[in-house]
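Participant: Supplied structure: work.pdb, PDB, C-alpha atoms.
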```
ATOM      1  CA  MET A   4       0.000   0.000   0.000
ATOM      2  CA  LYS A   5       2.870   2.376   0.752
ATOM      3  CA  THR A   6       4.318   2.073  -2.759
ATOM      4  CA  GLU A   7       0.890   2.505  -4.311
ATOM      5  CA  ARG A   8       0.309   5.614  -2.183
ATOM      6  CA  MET A   9       3.616   7.146  -3.246
ATOM      7  CA  ILE A  10       2.806   6.524  -6.903
ATOM      8  CA  GLY A  11      -0.569   8.138  -6.285
ATOM      9  CA  ILE A  12       1.089  11.185  -4.712
ATOM     10  CA  LEU A  13       3.317  11.623  -7.763
ATOM     11  CA  ALA A  14       0.300  11.297 -10.067
ATOM     12  CA  LEU A  15      -1.524  14.026  -8.127
ATOM     13  CA  LEU A  16       1.516  16.295  -8.198
ATOM     14  CA  GLN A  17       1.650  15.965 -11.968
ATOM     15  CA  THR A  18      -2.054  16.609 -12.520
ATOM     16  CA  HIS A  19      -2.696  19.200  -9.756
ATOM     17  CA  GLY A  20       0.640  20.997  -9.512
ATOM     18  CA  ARG A  21       0.983  22.236  -5.932
ATOM     19  CA  VAL A  22      -0.982  20.373  -3.235
ATOM     20  CA  THR A  23      -1.028  20.491   0.553
ATOM     21  CA  CYS A  24      -0.204  17.660   2.953
ATOM     22  CA  PRO A  25      -3.705  17.779   4.525
ATOM     23  CA  PHE A  26      -5.176  17.442   1.004
ATOM     24  CA  LEU A  27      -3.036  14.340   0.335
ATOM     25  CA  ALA A  28      -3.812  12.896   3.761
ATOM     26  CA  GLU A  29      -7.539  13.177   3.082
ATOM     27  CA  LYS A  30      -7.206  11.624  -0.377
ATOM     28  CA  PHE A  31      -5.261   8.614   0.830
ATOM     29  CA  GLU A  32      -7.014   8.314   4.196
ATOM     30  CA  VAL A  33      -3.816   8.478   6.262
ATOM     31  CA  SER A  34      -2.321  10.991   8.696
ATOM     32  CA  VAL A  35      -0.468  14.164   7.665
ATOM     33  CA  ARG A  36       2.602  12.749   9.388
ATOM     34  CA  THR A  37       2.481   9.662   7.118
ATOM     35  CA  ILE A  38       2.256  11.896   4.046
ATOM     36  CA  ARG A  39       5.291  13.893   5.175
ATOM     37  CA  ARG A  40       7.280  10.671   5.569
ATOM     38  CA  ASP A  41       6.213   9.613   2.056
ATOM     39  CA  ILE A  42       7.324  12.966   0.632
ATOM     40  CA  GLU A  43      10.686  12.617   2.365
ATOM     41  CA  GLU A  44      11.200   9.156   0.860
ATOM     42  CA  ILE A  45      10.183  10.378  -2.602
ATOM     43  CA  SER A  46      12.839  13.097  -2.327
ATOM     44  CA  LYS A  47      15.451  10.546  -1.215
ATOM     45  CA  ALA A  48      14.620   8.529  -4.323
ATOM     46  CA  GLY A  49      15.918  11.412  -6.447
ATOM     47  CA  ILE A  50      12.679  13.090  -7.441
ATOM     48  CA  PRO A  51      13.023  16.836  -6.706
ATOM     49  CA  LEU A  52      10.139  18.171  -4.640
ATOM     50  CA  VAL A  53       9.694  21.747  -3.473
ATOM     51  CA  THR A  54       7.919  22.451  -0.182
ATOM     52  CA  THR A  55       6.736  25.960   0.698
ATOM     53  CA  GLN A  56       5.147  27.206   3.907
ATOM     54  CA  GLY A  57       2.375  29.695   4.569
ATOM     55  CA  ASN A  58      -0.679  30.762   2.596
ATOM     56  CA  GLY A  59      -0.688  29.149  -0.839
ATOM     57  CA  GLY A  60       2.091  26.806   0.160
ATOM     58  CA  GLY A  61       2.326  23.085  -0.264
ATOM     59  CA  VAL A  62       4.291  20.433  -2.113
ATOM     60  CA  ALA A  63       5.107  20.493  -5.833
ATOM     61  CA  LEU A  64       7.529  19.021  -8.336
ATOM     62  CA  MET A  65      10.521  21.265  -9.035
ATOM     63  CA  GLU A  66       9.753  23.630 -11.896
ATOM     64  CA  GLY A  67      10.913  22.211 -15.197
ATOM     65  CA  TYR A  68      11.068  18.660 -13.899
ATOM     66  CA  ALA A  69       8.780  16.125 -15.541
ATOM     67  CA  LEU A  70       8.314  12.513 -14.604
ATOM     68  CA  ASP A  71       8.821   9.872 -17.249
ATOM     69  CA  THR A  72       5.253   8.886 -18.131
ATOM     70  CA  THR A  73       6.177   6.429 -20.857
ATOM     71  CA  ILE A  74       5.782   3.491 -18.474
ATOM     72  CA  PHE A  75       2.031   3.612 -19.097
ATOM     73  CA  THR A  76       0.429   5.397 -22.014
ATOM     74  CA  GLN A  77      -2.956   7.048 -21.617
ATOM     75  CA  SER A  78      -4.525   4.188 -23.569
ATOM     76  CA  GLU A  79      -2.954   1.644 -21.224
ATOM     77  CA  LEU A  80      -4.140   3.543 -18.166
ATOM     78  CA  ALA A  81      -7.624   3.839 -19.671
ATOM     79  CA  ALA A  82      -7.678   0.070 -20.243
ATOM     80  CA  MET A  83      -6.731  -0.521 -16.607
ATOM     81  CA  LEU A  84      -9.512   1.770 -15.454
ATOM     82  CA  ALA A  85     -11.964  -0.130 -17.666
ATOM     83  CA  GLY A  86     -10.906  -3.311 -15.879
ATOM     84  CA  VAL A  87     -11.456  -1.755 -12.451
ATOM     85  CA  LYS A  88     -14.825  -0.442 -13.606
ATOM     86  CA  ALA A  89     -15.762  -3.971 -14.684
ATOM     87  CA  LEU A  90     -14.940  -5.298 -11.203
ATOM     88  CA  ASP A  91     -17.103  -2.539  -9.740
ATOM     89  CA  SER A  92     -20.090  -4.092 -11.537
ATOM     90  CA  VAL A  93     -19.894  -7.169  -9.286
ATOM     91  CA  SER A  94     -17.705  -6.117  -6.365
ATOM     92  CA  PRO A  95     -18.236  -2.784  -4.611
ATOM     93  CA  GLY A  96     -14.823  -3.257  -2.997
ATOM     94  CA  ALA A  97     -13.105  -2.171  -6.229
ATOM     95  CA  LYS A  98     -14.207   1.460  -5.604
ATOM     96  CA  LEU A  99     -13.410   2.982  -8.979
ATOM     97  CA  GLY A 100     -14.376   6.434  -7.785
ATOM     98  CA  GLY A 101     -11.906   6.305  -4.916
ATOM     99  CA  ILE A 102      -9.086   5.160  -7.166
ATOM    100  CA  LEU A 103      -9.759   7.960  -9.662
ATOM    101  CA  ALA A 104      -9.797  10.545  -6.910
ATOM    102  CA  LYS A 105      -6.513   9.320  -5.453
ATOM    103  CA  VAL A 106      -4.501   9.143  -8.659
ATOM    104  CA  GLY A 107      -6.140  11.982 -10.528
ATOM    105  CA  GLY A 108      -7.489   9.577 -13.134
ATOM    106  CA  GLY A 109     -10.446  11.737 -14.066
ATOM    107  CA  ALA A 110      -8.464  13.255 -16.896
ATOM    108  CA  ILE A 111      -8.034   9.914 -18.648
ATOM    109  CA  LEU A 112     -11.429   8.438 -17.866
ATOM    110  CA  PRO A 113     -13.040   9.689 -21.119
ATOM    111  CA  LEU A 114     -10.589   7.503 -23.045
ATOM    112  CA  ALA A 115     -12.214   4.442 -21.478
ATOM    113  CA  GLU A 116     -15.746   5.381 -22.467
ATOM    114  CA  ASP A 117     -15.503   3.436 -25.737
ATOM    115  CA  VAL A 118     -15.327   0.181 -23.760
ATOM    116  CA  GLU A 119     -17.846  -0.980 -21.179
ATOM    117  CA  ILE A 120     -17.539  -4.326 -19.411
ATOM    118  CA  GLU A 121     -20.485  -5.546 -17.364
ATOM    119  CA  LEU A 122     -19.579  -8.692 -15.451
ATOM    120  CA  SER A 123     -22.802  -8.945 -13.488
ATOM    121  CA  SER A 124     -25.992 -10.630 -14.652
ATOM    122  CA  PHE A 125     -29.731 -10.707 -14.016
ATOM    123  CA  TYR A 126     -29.002 -12.064 -10.528
ATOM    124  CA  LYS A 127     -26.563  -9.228  -9.757
ATOM    125  CA  ALA A 128     -27.584  -8.662  -6.116
ATOM    126  CA  ASP A 129     -27.164 -12.330  -5.209
ATOM    127  CA  LEU A 130     -23.942 -12.623  -7.219
ATOM    128  CA  THR A 131     -22.347  -9.577  -5.593
ATOM    129  CA  GLU A 132     -23.137 -10.878  -2.118
ATOM    130  CA  LYS A 133     -21.604 -14.290  -2.902
ATOM    131  CA  ILE A 134     -18.430 -12.777  -4.358
ATOM    132  CA  GLU A 135     -17.926 -10.474  -1.381
ATOM    133  CA  THR A 136     -18.516 -13.341   1.079
ATOM    134  CA  ILE A 137     -15.990 -15.582  -0.682
ATOM    135  CA  ARG A 138     -13.382 -12.807  -0.909
ATOM    136  CA  ARG A 139     -13.759 -12.116   2.813
ATOM    137  CA  ALA A 140     -13.306 -15.826   3.557
ATOM    138  CA  ILE A 141     -10.124 -15.858   1.440
ATOM    139  CA  ARG A 142      -8.723 -12.842   3.301
ATOM    140  CA  GLU A 143      -9.588 -14.341   6.700
ATOM    141  CA  LYS A 144      -8.397 -17.841   5.661
ATOM    142  CA  ARG A 145     -11.633 -19.473   6.768
ATOM    143  CA  MET A 146     -13.575 -22.350   5.251
ATOM    144  CA  ILE A 147     -16.835 -21.766   3.429
ATOM    145  CA  ALA A 148     -19.861 -24.064   3.430
ATOM    146  CA  PHE A 149     -22.692 -24.132   0.923
ATOM    147  CA  ASP A 150     -25.347 -26.310  -0.656
ATOM    148  CA  TYR A 151     -24.674 -27.255  -4.266
ATOM    149  CA  CYS A 152     -26.840 -28.581  -7.087
ATOM    150  CA  TYR A 153     -25.310 -30.741  -9.837
ATOM    151  CA  PRO A 154     -26.524 -33.475 -12.234
ATOM    152  CA  LYS A 155     -26.295 -36.198  -9.570
ATOM    153  CA  GLY A 156     -28.395 -34.248  -7.084
ATOM    154  CA  GLU A 157     -27.734 -31.867  -4.201
ATOM    155  CA  SER A 158     -25.187 -31.944  -1.387
ATOM    156  CA  GLU A 159     -23.449 -29.792   1.191
ATOM    157  CA  LYS A 160     -19.904 -28.731   0.321
ATOM    158  CA  HIS A 161     -16.986 -27.403   2.359
ATOM    159  CA  LEU A 162     -14.148 -25.595   0.629
ATOM    160  CA  GLU A 163     -10.908 -23.772   1.360
ATOM    161  CA  PRO A 164     -11.495 -20.860  -1.050
ATOM    162  CA  MET A 165      -8.519 -19.661  -3.092
ATOM    163  CA  LYS A 166      -9.938 -17.605  -5.957
ATOM    164  CA  VAL A 167     -13.085 -16.180  -7.442
ATOM    165  CA  VAL A 168     -12.924 -17.041 -11.145
ATOM    166  CA  PHE A 169     -14.782 -15.614 -14.152
ATOM    167  CA  ARG A 170     -14.631 -18.112 -17.027
ATOM    168  CA  TRP A 171     -16.883 -19.411 -19.771
ATOM    169  CA  SER A 172     -19.220 -16.412 -19.262
ATOM    170  CA  ASP A 173     -19.931 -17.347 -15.655
ATOM    171  CA  TRP A 174     -18.594 -17.018 -12.108
ATOM    172  CA  TYR A 175     -16.979 -19.802 -10.076
ATOM    173  CA  VAL A 176     -15.179 -20.306  -6.771
ATOM    174  CA  TYR A 177     -11.929 -22.287  -6.927
ATOM    175  CA  GLY A 178     -10.385 -23.943  -3.909
ATOM    176  CA  TYR A 179      -9.342 -27.077  -2.075
ATOM    177  CA  SER A 180     -11.980 -29.611  -1.040
ATOM    178  CA  PRO A 181     -11.053 -31.599   2.113
ATOM    179  CA  GLN A 182     -13.833 -34.047   1.241
ATOM    180  CA  ARG A 183     -12.341 -34.802  -2.170
ATOM    181  CA  GLU A 184      -8.736 -34.131  -1.132
ATOM    182  CA  ASP A 185      -8.345 -32.227  -4.370
ATOM    183  CA  TYR A 186      -8.925 -28.841  -5.970
ATOM    184  CA  ARG A 187     -12.442 -28.113  -7.158
ATOM    185  CA  LEU A 188     -14.380 -25.510  -9.107
ATOM    186  CA  TYR A 189     -17.990 -24.637  -8.248
ATOM    187  CA  LYS A 190     -20.366 -22.423 -10.211
ATOM    188  CA  LEU A 191     -21.784 -19.594  -8.086
ATOM    189  CA  ARG A 192     -25.229 -19.828  -9.663
ATOM    190  CA  ARG A 193     -25.557 -23.430  -8.483
ATOM    191  CA  LEU A 194     -24.704 -22.801  -4.844
ATOM    192  CA  TRP A 195     -26.817 -21.318  -2.069
ATOM    193  CA  ASN A 196     -26.832 -21.013   1.738
ATOM    194  CA  LEU A 197     -23.256 -19.773   1.470
ATOM    195  CA  THR A 198     -21.642 -19.134   4.868
ATOM    196  CA  ILE A 199     -18.194 -18.547   6.308
ATOM    197  CA  THR A 200     -17.439 -21.157   8.968
ATOM    198  CA  GLU A 201     -15.381 -20.729  12.126
ATOM    199  CA  GLU A 202     -12.861 -23.289  10.825
ATOM    200  CA  SER A 203      -9.639 -21.711   9.616
ATOM    201  CA  PHE A 204      -7.094 -23.223   7.241
ATOM    202  CA  LEU A 205      -3.450 -22.770   6.343
ATOM    203  CA  PRO A 206      -2.887 -21.372   2.840
ATOM    204  CA  ARG A 207      -1.934 -24.057   0.360
ATOM    205  CA  PRO A 208       0.582 -23.417  -2.423
ATOM    206  CA  MET A 209      -1.167 -22.673  -5.673
ATOM    207  CA  PRO A 210      -0.591 -25.513  -8.181
ATOM    208  CA  GLU A 211       1.935 -24.623 -10.871
ATOM    209  CA  SER A 212      -0.642 -25.493 -13.483
ATOM    210  CA  ILE A 213      -4.057 -24.562 -12.106
ATOM    211  CA  GLN A 214      -6.669 -26.916 -13.466
ATOM    212  CA  TYR A 215     -10.000 -25.133 -13.423
ATOM    213  CA  GLY A 216     -11.675 -28.224 -14.818
ATOM    214  CA  THR A 217     -12.635 -28.907 -18.405
ATOM    215  CA  HIS A 218     -15.607 -26.858 -19.505
ATOM    216  CA  MET A 219     -16.268 -29.116 -22.486
ATOM    217  CA  THR A 220     -14.269 -31.978 -23.937
ATOM    218  CA  ASP A 221     -15.348 -31.840 -27.556
ATOM    219  CA  HIS A 222     -15.006 -35.259 -29.193
ATOM    220  CA  ILE A 223     -18.480 -36.079 -30.571
ATOM    221  CA  LEU A 224     -19.160 -34.534 -33.981
ATOM    222  CA  VAL A 225     -22.853 -33.884 -34.552
ATOM    223  CA  THR A 226     -24.425 -32.974 -37.893
ATOM    224  CA  ALA A 227     -27.867 -31.364 -37.911
ATOM    225  CA  ARG A 228     -30.283 -29.580 -40.222
ATOM    226  CA  CYS A 229     -31.470 -26.242 -38.873
ATOM    227  CA  ASN A 230     -33.949 -23.551 -39.846
ATOM    228  CA  PRO A 231     -32.612 -20.036 -40.501
ATOM    229  CA  SER A 232     -34.346 -18.817 -37.332
ATOM    230  CA  VAL A 233     -31.907 -20.751 -35.093
ATOM    231  CA  LYS A 234     -28.718 -20.351 -37.120
ATOM    232  CA  TYR A 235     -27.573 -17.644 -34.693
ATOM    233  CA  ARG A 236     -27.539 -20.227 -31.880
ATOM    234  CA  PHE A 237     -24.859 -22.250 -33.664
ATOM    235  CA  VAL A 238     -22.870 -19.146 -34.636
ATOM    236  CA  GLU A 239     -22.994 -17.857 -31.056
ATOM    237  CA  GLU A 240     -21.945 -21.167 -29.483
ATOM    238  CA  PHE A 241     -19.625 -22.695 -32.099
ATOM    239  CA  GLY A 242     -18.615 -19.890 -34.455
ATOM    240  CA  HIS A 243     -19.661 -18.772 -37.934
ATOM    241  CA  GLY A 244     -17.940 -21.686 -39.657
ATOM    242  CA  SER A 245     -20.191 -24.197 -37.902
ATOM    243  CA  VAL A 246     -23.067 -23.585 -40.350
ATOM    244  CA  GLU A 247     -23.119 -23.955 -44.144
ATOM    245  CA  GLY A 248     -26.508 -23.274 -45.645
ATOM    246  CA  ASN A 249     -28.956 -25.165 -43.436
ATOM    247  CA  ILE A 250     -26.445 -27.797 -42.266
ATOM    248  CA  ALA A 251     -24.659 -27.344 -38.950
ATOM    249  CA  ARG A 252     -21.687 -29.295 -37.641
ATOM    250  CA  CYS A 253     -20.546 -28.973 -34.049
ATOM    251  CA  PHE A 254     -18.849 -30.919 -31.270
ATOM    252  CA  PHE A 255     -20.193 -32.034 -27.882
ATOM    253  CA  SER A 256     -18.725 -33.781 -24.866
ATOM    254  CA  SER A 257     -21.589 -36.276 -24.465
ATOM    255  CA  PHE A 258     -24.883 -37.390 -26.019
ATOM    256  CA  SER A 259     -26.807 -36.038 -23.027
ATOM    257  CA  ASP A 260     -25.283 -32.565 -23.442
ATOM    258  CA  ALA A 261     -26.104 -32.613 -27.154
ATOM    259  CA  ILE A 262     -29.698 -33.753 -26.602
ATOM    260  CA  ARG A 263     -30.382 -31.070 -23.985
ATOM    261  CA  TRP A 264     -28.983 -28.392 -26.268
ATOM    262  CA  PHE A 265     -30.887 -29.481 -29.391
ATOM    263  CA  LEU A 266     -34.135 -29.876 -27.458
ATOM    264  CA  SER A 267     -33.952 -26.174 -26.576
ATOM    265  CA  MET A 268     -34.516 -25.387 -30.283
ATOM    266  CA  GLY A 269     -37.554 -27.630 -30.643
ATOM    267  CA  GLU A 270     -38.763 -28.392 -34.172
ATOM    268  CA  ASP A 271     -36.343 -25.904 -35.728
ATOM    269  CA  VAL A 272     -33.513 -28.448 -35.752
ATOM    270  CA  THR A 273     -33.120 -32.118 -36.746
ATOM    271  CA  ILE A 274     -30.124 -34.271 -35.817
ATOM    272  CA  LEU A 275     -28.794 -36.215 -38.819
ATOM    273  CA  ASP A 276     -25.626 -37.860 -37.508
ATOM    274  CA  PRO A 277     -24.300 -39.871 -35.681
ATOM    275  CA  PRO A 278     -27.041 -42.518 -35.879
ATOM    276  CA  GLU A 279     -26.551 -43.512 -32.222
ATOM    277  CA  LEU A 280     -27.413 -39.956 -31.167
ATOM    278  CA  VAL A 281     -30.452 -39.934 -33.480
ATOM    279  CA  ALA A 282     -31.687 -43.132 -31.801
ATOM    280  CA  GLU A 283     -31.126 -41.703 -28.312
ATOM    281  CA  MET A 284     -32.982 -38.522 -29.262
ATOM    282  CA  GLU A 285     -35.945 -40.637 -30.456
ATOM    283  CA  GLN A 286     -35.976 -42.496 -27.134
ATOM    284  CA  THR A 287     -35.821 -39.208 -25.207
ATOM    285  CA  LEU A 288     -38.750 -37.789 -27.182
ATOM    286  CA  GLU A 289     -40.792 -40.940 -26.509
ATOM    287  CA  LYS A 290     -40.143 -40.648 -22.783
ATOM    288  CA  MET A 291     -41.088 -36.979 -22.872
ATOM    289  CA  LYS A 292     -44.287 -37.807 -24.754
ATOM    290  CA  LYS A 293     -45.288 -40.272 -22.014
ATOM    291  CA  ASN A 294     -44.940 -37.522 -19.435
ATOM    292  CA  TYR A 295     -47.786 -35.654 -21.122
ATOM    293  CA  GLN A 296     -50.069 -38.620 -21.732
ATOM    294  CA  ARG A 297     -52.967 -38.888 -19.305
TER     295      ARG A 297
END
```
Rewrite the structure of this file - the entire thing - as structure tokens.
Facilitator:
Amino acid sequence: MKTERMIGILALLQTHGRVTCPFLAEKFEVSVRTIRRDIEEISKAGIPLVTTQGNGGGVALMEGYALDTTIFTQSELAAMLAGVKALDSVSPGAKLGGILAKVGGGAILPLAEDVEIELSSFYKADLTEKIETIRRAIREKRMIAFDYCYPKGESEKHLEPMKVVFRWSDWYVYGYSPQREDYRLYKLRRLWNLTITEESFLPRPMPESIQYGTHMTDHILVTARCNPSVKYRFVEEFGHGSVEGNIARCFFSSFSDAIRWFLSMGEDVTILDPPELVAEMEQTLEKMKKNYQR
């Protein structure tokens, strides 16, 4: 935090010119004495600062001296601010406004207006609460407990949380499961009754190659005929090259995944190949038909 504060002080000196120690203390939420120590260390580092007393006094960079700002261009700084703004959409702890105020970033904010990243979703309130709870558990090194729903049913889980992960257009918590004695990834939308337990844990070394799990192992090629009205579904999920005319070709990890996905398009799609999948789809439709027979 000290290094970040000193960088922030230099940024304010460049953008504001002369500033007072009380002004800096208020910006960085520290004491005036701490700011004076920071200024002394900045001077020892070879950056010439001029301090004047009395009315209109304060701290400023020596006239004619300019910091090397080529480390980050305005575009790079704007991109970083866009990233912080994106975190603000799901985590109030990011506090974009506070960061801008501290480093004088308001001047470069307009450059980031051509990019907007919204990481939240329709369940934003619930998502934000889960993310903040998990992050607090990580900071406090305490286990979390939650109920989880997956294809095999529902169960209670305990986890040593290590990271909150955004992948595959969704949010997950990654950590070590004492039950499984292995690292696991859980989707936030599938968990509820999330609590921080009283049980603490010792931080584990992060694996050299973090395995977040395989989102989809694509090894089953499926060919289907589709109506123009659902072509966008294939383009969105598998790319523009997945459809030629009214024939779509795409890969799935299992027959069950493929059947669930194609059923969502109803009569607008017909599976042509492989024949084993066609047969399984026919069986699924027969079972579904029985559900609606009186």
Participant: Going by the chain IDs and residue numbers used in this file, which residues fall under the PyMOL selection byres ((chain A and resi 136-142) around 10)? Write them as a ChimeraX atom specification.
Facilitator: /A:94,96,130-135,143-147,163-167,176,178,197-200,203-204,206
Participant: Suppose a student applies the PyMOL selection byres ((chain A and resi 185) around 12) to this structure; what residues should they get, written as a list in words?
Facilitator: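 After applying the PyMOL selection byres ((chain A and resi 185) around 12), what remains is His161, Leu162, Glu163, Tyr177, Gly178, Tyr179, Ser180, Pro181, Gln182, Arg183, Glu184, Tyr186, Arg187, Leu188, Arg207, Pro210, Ile213, Gln214, Tyr215 and Gly216 of chain A.
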Participant: Assuming the chain letters and numbering stay as they are in my file, what does the PyMOL selection byres ((chain A and resi 254) around 6) actually select? List them as a PyMOL selection string.
Facilitator: chain A and resi 221+223-225+253+255
Participant: Go ahead and write the selection's residues with C-alpha atoms as a PDB file, in the coordinates of the input.
Facilitator:
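Heads up, here's the output in again_25.pdb:
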```
ATOM      1  CA  ASP A 221     -15.348 -31.840 -27.556  1.00  0.00           C
ATOM      2  CA  ILE A 223     -18.480 -36.079 -30.571  1.00  0.00           C
ATOM      3  CA  LEU A 224     -19.160 -34.534 -33.981  1.00  0.00           C
ATOM      4  CA  VAL A 225     -22.853 -33.884 -34.552  1.00  0.00           C
ATOM      5  CA  CYS A 253     -20.546 -28.973 -34.049  1.00  0.00           C
ATOM      6  CA  PHE A 255     -20.193 -32.034 -27.882  1.00  0.00           C
TER       7      PHE A 255
END
```
Participant: Under the rule that all atoms listed in the file are counted, which of A:Leu194, A:Ala227, A:Leu266, A:Val168 is the nearest residue to Met291 in chain A?
Facilitator: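 Of A:Leu194, A:Ala227, A:Leu266, A:Val168, the one nearest Met291 in chain A, counting all atoms listed in the file, is A:Leu266.
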Participant: Within 6 Å of Phe149 in chain A, counting only C-alpha atoms, which residues qualify if same-chain residues fewer than 5 places away don't, as an MDAnalysis selection string?
Facilitator: chainID A and resid 159:160 195:197
Participant: CA of Ser34 in chain A and CA of Ala48 in chain A are how many Å apart?
Facilitator: 21.5 Å
Participant: Using all atoms listed in the file, which residues sit within 6 Å of Asp271 in chain A once same-chain residues fewer than 3 positions away are excluded, as a list of chain:residue names?
Facilitator: A:Cys229, A:Asn230, A:Met268
Participant: Provide the CA of Phe265 in chain A to CA of Met284 in chain A distance in Å, to one decimal place.
Facilitator: 9.3 Å
Participant: State, in Å with one decimal place, the distance from CA of Glu279 in chain A to CA of Gly244 in chain A.
Facilitator: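 Atom-to-atom, CA of Glu279 in chain A to CA of Gly244 in chain A, that is 24.6 Å.
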Participant: Which residues, written as a list in words, have at least one atom at most 7 Å from Leu275 in chain A, with all atoms listed in the file counted and residues fewer than 4 positions away on the same chain left out?
Facilitator: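 Final neighbour list, sorted by chain and number: Thr226, Ala227, Arg228 and Val281 of chain A.
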Participant: So, counting only C-alpha atoms, which residue among A:Cys24, A:Leu191, A:Met65, A:Leu13 is closest to Arg36 in chain A?
Facilitator: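 For Arg36 in chain A, the nearest of the candidates is A:Cys24.
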Participant: May I ask which of the residues A:Asp173, A:Glu43, A:Glu283, A:Glu66 is the closest one to Phe258 in chain A, counting all atoms listed in the file?
Facilitator: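 Of A:Asp173, A:Glu43, A:Glu283, A:Glu66, the one nearest Phe258 in chain A, counting all atoms listed in the file, is A:Glu283.
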